[in-house]
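All remarks here apply to the structure that follows.
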Amino acid sequence: MRNHFKTILAGILLACCGSVAQAESDLLQRVRADYAALSQAMAEFDRARTAGELGAAEEIDFAGWIEQLVQQVYEGCRALELEPDEPLPVDLPCDKFEIGGLKPIGIDISTERSREEGTAAMLDQLHSALSKFDEQLLKEQEKIKAQTPRVDSAQEVASATESMGETGEGETGEGESEQTDTEPAETDATMQAGEEDDGEQQEQRTAGRTQSTIGSPDQSDTRGIPDDVPDGSDDDVVARQLREAAEKETDPELKKKLWEEYKRYKAGTG
Amino acid sequence: MGRVQTLQSWYRVGLIVRILRNLFTVLIVGVLIAGCATTNVSRNVTPEVKLDKAFTELPEEQLLDVWIELFDPGELPEKEKDALGLYPEIRAAEARFMPAHLRQVMEKTGYWGAVRVVPRDTEGAEVLVGGVIKASDGETLEIEITAQDATGRRWFKRIYRHDIKDISKNYNNQHEDSFEPVYYEIANDLAEFRTSLSDEDRTRVRQVAEMRFAADMLPDAFSDHLQMDDQGIYVLVRLPAEDDPAYHRVQIIRDRDFQLIDTLNGYYENFYRDLEIPYQEWRKARNIEAEALREAKSKAANRKALGALAILGAIAIEVLGSSNTRATTRTARDVMVLGGAYSIKKGLDISSESNIHRAAIEELGESFVSEARPLVIEVEGETLELKGSAEAQYKQWRELMRKIYASETGLEPVSSGTY
């Protein structure tokens, strides 16, 4: 009976002590886990940065996460300090985290932040310079458009069709300049957004590459071409612009006029 | 006797040596001519040449962009009579006009991506075409064309020449250049070389062009992606990772570079359109006057020769004929002398007519110069200003890119090589 009592008492004591120990270990475990995550993140950050694997945006995100972990460890340490009769665990460098602190020993976060900020500032500067350049090019392109070359009547007709917005895919630089009119406004966004914009520009250039083949001779059919229209195999630049304009025109009346103009022009040059 | 034989055998040996030496000289000259022919082929372009166009639309990845440099205006003819009415200002205009026309012709073929006219020494082309005007007077056009790709591979260097035979036929079509066959032939040769390349070759050309631009913009990161072999050809060592942020930024700048080229090209297009009609009219008028001048000179020379012959004939009869002959041909001799004198006078009159044609050619040249010069100055000013401004900005971007790269990698900037 005595032995049984002793066993029950020991069980109660163990249970009580166990619950206290369990409560302490939850906090400790969380701090330990946070600190382990922090150490691992810092090591990975250093490695990736040295290997040049981080982009500017990624670096900023990474640093932000490290800051968050530092904050968590700091708060965990402060919580442990507030525990009565509970000494700070020796395996955690809580004493090395400054009060209010985001500064664990071994990581110069302010330096990291200033470098990130410096990179971001330079990226902004580059982006701003590119935007200015876009604006300058846009002005130049408007100046080019504003110049009115002496053209003969046939070319005037072609220009007229261009101004109808039908030859935006023309082969000259002007055609392409129209496509880039929206650039400066778009490039005022962040660098990342700017980079996305430039993906579009790449597409435009790619489109530009294929534009020169649009006028190749053997692809003009099934576009509402009247029977009496000659094939465009010997089209010159003006004729091709007229032909393209006619093919793309959706207004039947205007389309008819454009085809007539094309035929008249071809008859004049044939 | 033995001495004579020795002398004879020495003579034979000497003869053989001379023959061998001559043969050797002929051989060397032959080899030299053959060598020149492979590197600098000259050809007379016939009017019948047709422009080779792609039958089907080519896939985008097979298209190469072509940049045509402003031509080198070359030298005017040394002989005064050949340089009649030709001026450096006209050549300067032609050096801008001809590449723009070649551009238009090449765009019609469907073999190329973007075809653009660029200032000379512009870096970054996938295919670069250059030209030197050897002769251009409205009747004859001779151009030396050089083409090479971004890897540094020389496509060819050839001289194209075309002489206009029939003025009325060649200058009546306002919508076609009188020397269209030359441009067709050049475009055909370029297309032929392009077609001879494999898809892999073309892809490599585009990649090398990209990497040369990247290495120029950010040598610290990309200079080791290319190497030059002992033939002076760029070899691709490796490509950057697709998600390389530094390379992505380089591509962003390259897009700006393309836009700059498009804008410069816009100025050259306007210049081309402004000059097209006056240039064609000048060439036609000069051609007509030059032909009239040739005819007048030929007529004058014939008349003078006939007159001189008639007078000489009369003198010969007077001197060599018998008294009887002199007596019976007296009237005929008088007629011969008078006719000869008249013919010489007529010849001199026609010579003065030649002077009128000569003056007309001079005047036509001066008149065209007065039209072309301001256009050249304008386009040169606009393009130089834009290019200069862009170059200053590229310099600034290069510096920023280097700093960003150093900041991102923690590496100190090491090189500043240019590709």
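So you can find residues: chains in the structure tokens are A, B, ... in the order shown, residues in each start at 1, and ligands are numbered from 1 in order.
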Output the contact residues of chain B with respect to chain A at a cut-off of 6 Å, based on only C-alpha atoms, as a PDB file with C-alpha atoms, in the first residue's frame.
```
ATOM      1  CA  GLU B  57       6.920  33.239 -95.283  1.00  0.00           C
ATOM      2  CA  GLU B  60      10.884  34.225 -87.443  1.00  0.00           C
ATOM      3  CA  GLU B 107      12.558  44.333 -97.696  1.00  0.00           C
ATOM      4  CA  GLY B 110      10.954  38.436 -97.641  1.00  0.00           C
ATOM      5  CA  GLY B 113      14.014  40.482 -90.560  1.00  0.00           C
ATOM      6  CA  ALA B 114      14.276  44.208 -90.028  1.00  0.00           C
ATOM      7  CA  PRO B 245      18.724  39.510 -64.149  1.00  0.00           C
ATOM      8  CA  ILE B 252      15.999  45.876 -72.107  1.00  0.00           C
ATOM      9  CA  ASP B 262      14.448  52.589 -86.108  1.00  0.00           C
ATOM     10  CA  ASN B 265      16.216  54.977 -90.038  1.00  0.00           C
ATOM     11  CA  GLY B 266      13.137  57.200 -90.016  1.00  0.00           C
ATOM     12  CA  ASP B 274      12.849  64.017-100.349  1.00  0.00           C
ATOM     13  CA  ILE B 404      24.398  47.327 -60.063  1.00  0.00           C
ATOM     14  CA  THR B 409      27.276  40.066 -56.692  1.00  0.00           C
TER      15      THR B 409
END
```
- Would you work out the distance separating atom CA of A:Met42 from atom CA of A:Ile66, expressed in Å to one decimal?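 Between these atoms lies a distance of 7.0 Å.
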- Message: I need the residues of stretch 6-245 of chain B that end up classed as alpha helix (DSSP H) by DSSP on the backbone, written out as a PyMOL selection string.
- Response: chain B and resi 6-39+88-109+167-171+180-196+199-217+219-222+245
Once you have the residues from the selection above, write them out as a short mmCIF file (atom, residue, chain, number, x, y, z; two decimals), in the first residue's frame, restricted to C-alpha atoms.
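Below is the file that was written, part26.cif:
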```cif
data_model
loop_
_atom_site.label_atom_id
_atom_site.label_comp_id
_atom_site.auth_asym_id
_atom_site.auth_seq_id
_atom_site.Cartn_x
_atom_site.Cartn_y
_atom_site.Cartn_z
CA THR B 6 80.43 24.82 -124.66
CA LEU B 7 79.18 28.26 -125.60
CA GLN B 8 76.20 26.69 -127.38
CA SER B 9 75.28 24.58 -124.38
CA TRP B 10 75.58 27.62 -122.06
CA TYR B 11 73.36 29.51 -124.47
CA ARG B 12 70.75 26.70 -124.34
CA VAL B 13 70.84 26.65 -120.54
CA GLY B 14 70.35 30.42 -120.48
CA LEU B 15 67.43 30.09 -122.86
CA ILE B 16 65.77 27.44 -120.72
CA VAL B 17 66.27 29.55 -117.60
CA ARG B 18 64.67 32.56 -119.34
CA ILE B 19 61.71 30.47 -120.48
CA LEU B 20 61.24 29.05 -117.00
CA ARG B 21 61.48 32.52 -115.48
CA ASN B 22 58.81 33.83 -117.84
CA LEU B 23 56.61 30.85 -117.15
CA PHE B 24 57.01 31.45 -113.42
CA THR B 25 56.06 35.13 -113.83
CA VAL B 26 52.98 34.18 -115.83
CA LEU B 27 52.07 31.64 -113.18
CA ILE B 28 52.45 34.17 -110.35
CA VAL B 29 50.35 36.75 -112.18
CA GLY B 30 47.71 34.10 -112.83
CA VAL B 31 47.61 33.11 -109.19
CA LEU B 32 47.34 36.74 -108.13
CA ILE B 33 44.49 37.39 -110.54
CA ALA B 34 42.71 34.28 -109.35
CA GLY B 35 43.21 35.36 -105.74
CA CYS B 36 41.80 38.79 -106.40
CA ALA B 37 38.85 37.27 -108.20
CA THR B 38 37.81 35.25 -105.17
CA THR B 39 37.97 38.18 -102.79
CA PRO B 88 31.35 65.81 -103.59
CA GLU B 89 27.99 67.05 -102.32
CA ILE B 90 26.24 64.84 -104.86
CA ARG B 91 28.27 61.86 -103.76
CA ALA B 92 27.44 62.64 -100.14
CA ALA B 93 23.75 62.57 -101.03
CA GLU B 94 24.15 59.34 -103.00
CA ALA B 95 25.98 57.74 -100.09
CA ARG B 96 22.78 58.16 -98.07
CA PHE B 97 20.31 57.56 -100.85
CA MET B 98 21.68 54.27 -102.18
CA PRO B 99 21.63 52.30 -98.91
CA ALA B 100 18.06 53.48 -98.33
CA HIS B 101 17.09 52.19 -101.75
CA LEU B 102 18.88 48.90 -101.18
CA ARG B 103 16.95 48.61 -97.93
CA GLN B 104 13.66 48.95 -99.76
CA VAL B 105 14.65 46.36 -102.33
CA MET B 106 15.78 43.89 -99.65
CA GLU B 107 12.56 44.33 -97.70
CA LYS B 108 10.61 43.24 -100.76
CA THR B 109 12.37 39.88 -100.84
CA ILE B 167 17.90 56.56 -121.49
CA SER B 168 14.24 56.82 -122.45
CA LYS B 169 13.54 53.27 -121.27
CA ASN B 170 15.52 53.55 -118.08
CA TYR B 171 14.31 56.91 -116.90
CA GLU B 180 17.39 48.74 -110.15
CA PRO B 181 19.28 45.72 -111.60
CA VAL B 182 22.30 46.58 -109.45
CA TYR B 183 20.20 46.59 -106.30
CA TYR B 184 18.44 43.39 -107.36
CA GLU B 185 21.77 41.69 -107.95
CA ILE B 186 23.12 42.75 -104.55
CA ALA B 187 19.91 41.63 -102.81
CA ASN B 188 20.02 38.31 -104.67
CA ASP B 189 23.64 37.67 -103.69
CA LEU B 190 22.87 38.42 -100.05
CA ALA B 191 19.82 36.16 -100.11
CA GLU B 192 21.86 33.42 -101.76
CA PHE B 193 24.51 33.55 -99.05
CA ARG B 194 21.85 33.62 -96.36
CA THR B 195 20.22 30.54 -97.86
CA SER B 196 23.56 28.74 -97.95
CA ASP B 199 19.52 27.07 -89.44
CA GLU B 200 22.13 26.49 -86.78
CA ASP B 201 24.47 29.02 -88.40
CA ARG B 202 21.74 31.64 -88.50
CA THR B 203 20.81 31.01 -84.87
CA ARG B 204 24.46 31.31 -83.93
CA VAL B 205 24.75 34.63 -85.74
CA ARG B 206 21.83 35.99 -83.75
CA GLN B 207 23.20 34.66 -80.47
CA VAL B 208 26.65 36.10 -81.11
CA ALA B 209 25.12 39.49 -81.99
CA GLU B 210 23.22 39.41 -78.69
CA MET B 211 26.26 38.40 -76.69
CA ARG B 212 28.48 40.99 -78.34
CA PHE B 213 26.00 43.63 -77.30
CA ALA B 214 25.82 42.15 -73.79
CA ALA B 215 29.61 42.05 -73.50
CA ASP B 216 29.82 45.64 -74.67
CA MET B 217 27.23 46.75 -72.14
CA PRO B 219 31.83 43.19 -69.81
CA ASP B 220 32.23 42.10 -66.19
CA ALA B 221 29.39 39.66 -66.61
CA PHE B 222 29.49 38.67 -70.27
CA PRO B 245 18.72 39.51 -64.15
#
```
- Where in stretch 70-207 of chain B does DSSP assign strand (DSSP E or B), given as a PyMOL selection string? chain B and resi 72+112-118+127-136+140-149+154-163
- With a distance cut-off of 10 Å and only C-alpha atoms, select the neighbouring residues of A:Leu69, excluding the residue or stretch itself and same-chain residues fewer than 2 positions from it, and output the selection as JSON, numbers by chain. {"A": [31, 34, 35, 36, 37, 38, 39, 41, 42, 63, 64, 65, 66, 67, 71, 72, 73, 74, 75, 102]}
Got time to write the residues from that selection, N, CA and C atoms, as a tab-separated table (two decimals), in the first residue's frame?
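Written out: again_9.tsv:
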```
chain	number	residue	atom	x	y	z
A	31	VAL	N	11.45	29.38	-29.89
A	31	VAL	CA	12.60	30.28	-30.06
A	31	VAL	C	13.74	29.56	-30.76
A	34	ASP	N	12.92	29.19	-34.36
A	34	ASP	CA	13.10	30.48	-35.05
A	34	ASP	C	14.57	30.79	-35.26
A	35	TYR	N	15.35	30.52	-34.21
A	35	TYR	CA	16.78	30.82	-34.31
A	35	TYR	C	17.46	29.93	-35.36
A	36	ALA	N	17.02	28.64	-35.36
A	36	ALA	CA	17.60	27.71	-36.36
A	36	ALA	C	17.24	28.19	-37.78
A	37	ALA	N	15.97	28.61	-37.94
A	37	ALA	CA	15.54	29.11	-39.25
A	37	ALA	C	16.33	30.35	-39.64
A	38	LEU	N	16.57	31.21	-38.63
A	38	LEU	CA	17.32	32.45	-38.89
A	38	LEU	C	18.75	32.13	-39.34
A	39	SER	N	19.38	31.19	-38.59
A	39	SER	CA	20.77	30.84	-38.94
A	39	SER	C	20.85	30.27	-40.35
A	41	ALA	N	18.68	30.70	-42.78
A	41	ALA	CA	18.35	31.73	-43.79
A	41	ALA	C	19.54	32.63	-44.05
A	42	MET	N	20.26	32.99	-42.96
A	42	MET	CA	21.42	33.87	-43.14
A	42	MET	C	22.51	33.19	-43.94
A	63	ALA	N	15.98	39.53	-47.57
A	63	ALA	CA	16.41	40.33	-46.42
A	63	ALA	C	15.23	40.64	-45.50
A	64	GLY	N	14.09	40.88	-46.11
A	64	GLY	CA	12.88	41.15	-45.33
A	64	GLY	C	12.50	39.96	-44.46
A	65	TRP	N	12.64	38.77	-45.03
A	65	TRP	CA	12.32	37.54	-44.28
A	65	TRP	C	13.28	37.36	-43.12
A	66	ILE	N	14.56	37.64	-43.37
A	66	ILE	CA	15.55	37.53	-42.29
A	66	ILE	C	15.22	38.50	-41.16
A	67	GLU	N	14.84	39.70	-41.53
A	67	GLU	CA	14.44	40.69	-40.51
A	67	GLU	C	13.30	40.18	-39.66
A	71	GLN	N	13.31	39.43	-35.65
A	71	GLN	CA	12.29	40.00	-34.78
A	71	GLN	C	11.65	38.90	-33.92
A	72	GLN	N	11.35	37.78	-34.56
A	72	GLN	CA	10.72	36.67	-33.82
A	72	GLN	C	11.65	36.13	-32.73
A	73	VAL	N	12.93	35.96	-33.07
A	73	VAL	CA	13.88	35.45	-32.08
A	73	VAL	C	14.02	36.44	-30.92
A	74	TYR	N	14.11	37.70	-31.29
A	74	TYR	CA	14.24	38.74	-30.26
A	74	TYR	C	13.04	38.70	-29.31
A	75	GLU	N	11.85	38.64	-29.90
A	75	GLU	CA	10.65	38.63	-29.06
A	75	GLU	C	10.59	37.36	-28.21
A	102	LEU	N	17.07	44.40	-33.62
A	102	LEU	CA	17.04	43.66	-34.87
A	102	LEU	C	18.46	43.40	-35.31
```
- Query: atom CA of B:Pro73 and atom CA of B:Ala147, how far apart in Å?
  - Reply: 17.2 Å
- Å distance separating atom CA of B:Met401 from atom CA of B:Arg238, one decimal place: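 According to the coordinates, atom CA of B:Met401 and atom CA of B:Arg238 are separated by 20.6 Å.
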- Name the residues in contact with B:Leu218 at a cut-off of 12 Å, using only C-alpha atoms, excluding same-chain residues fewer than 4 positions from it; report them as a ChimeraX atom specification. /B:211-214,222-225,246-251,253-254,394-406,413-419
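Closest approach to A:Arg30 among A:Trp259, A:Pro87, A:Leu92, A:Ile225: A:Leu92, based on only C-alpha atoms.
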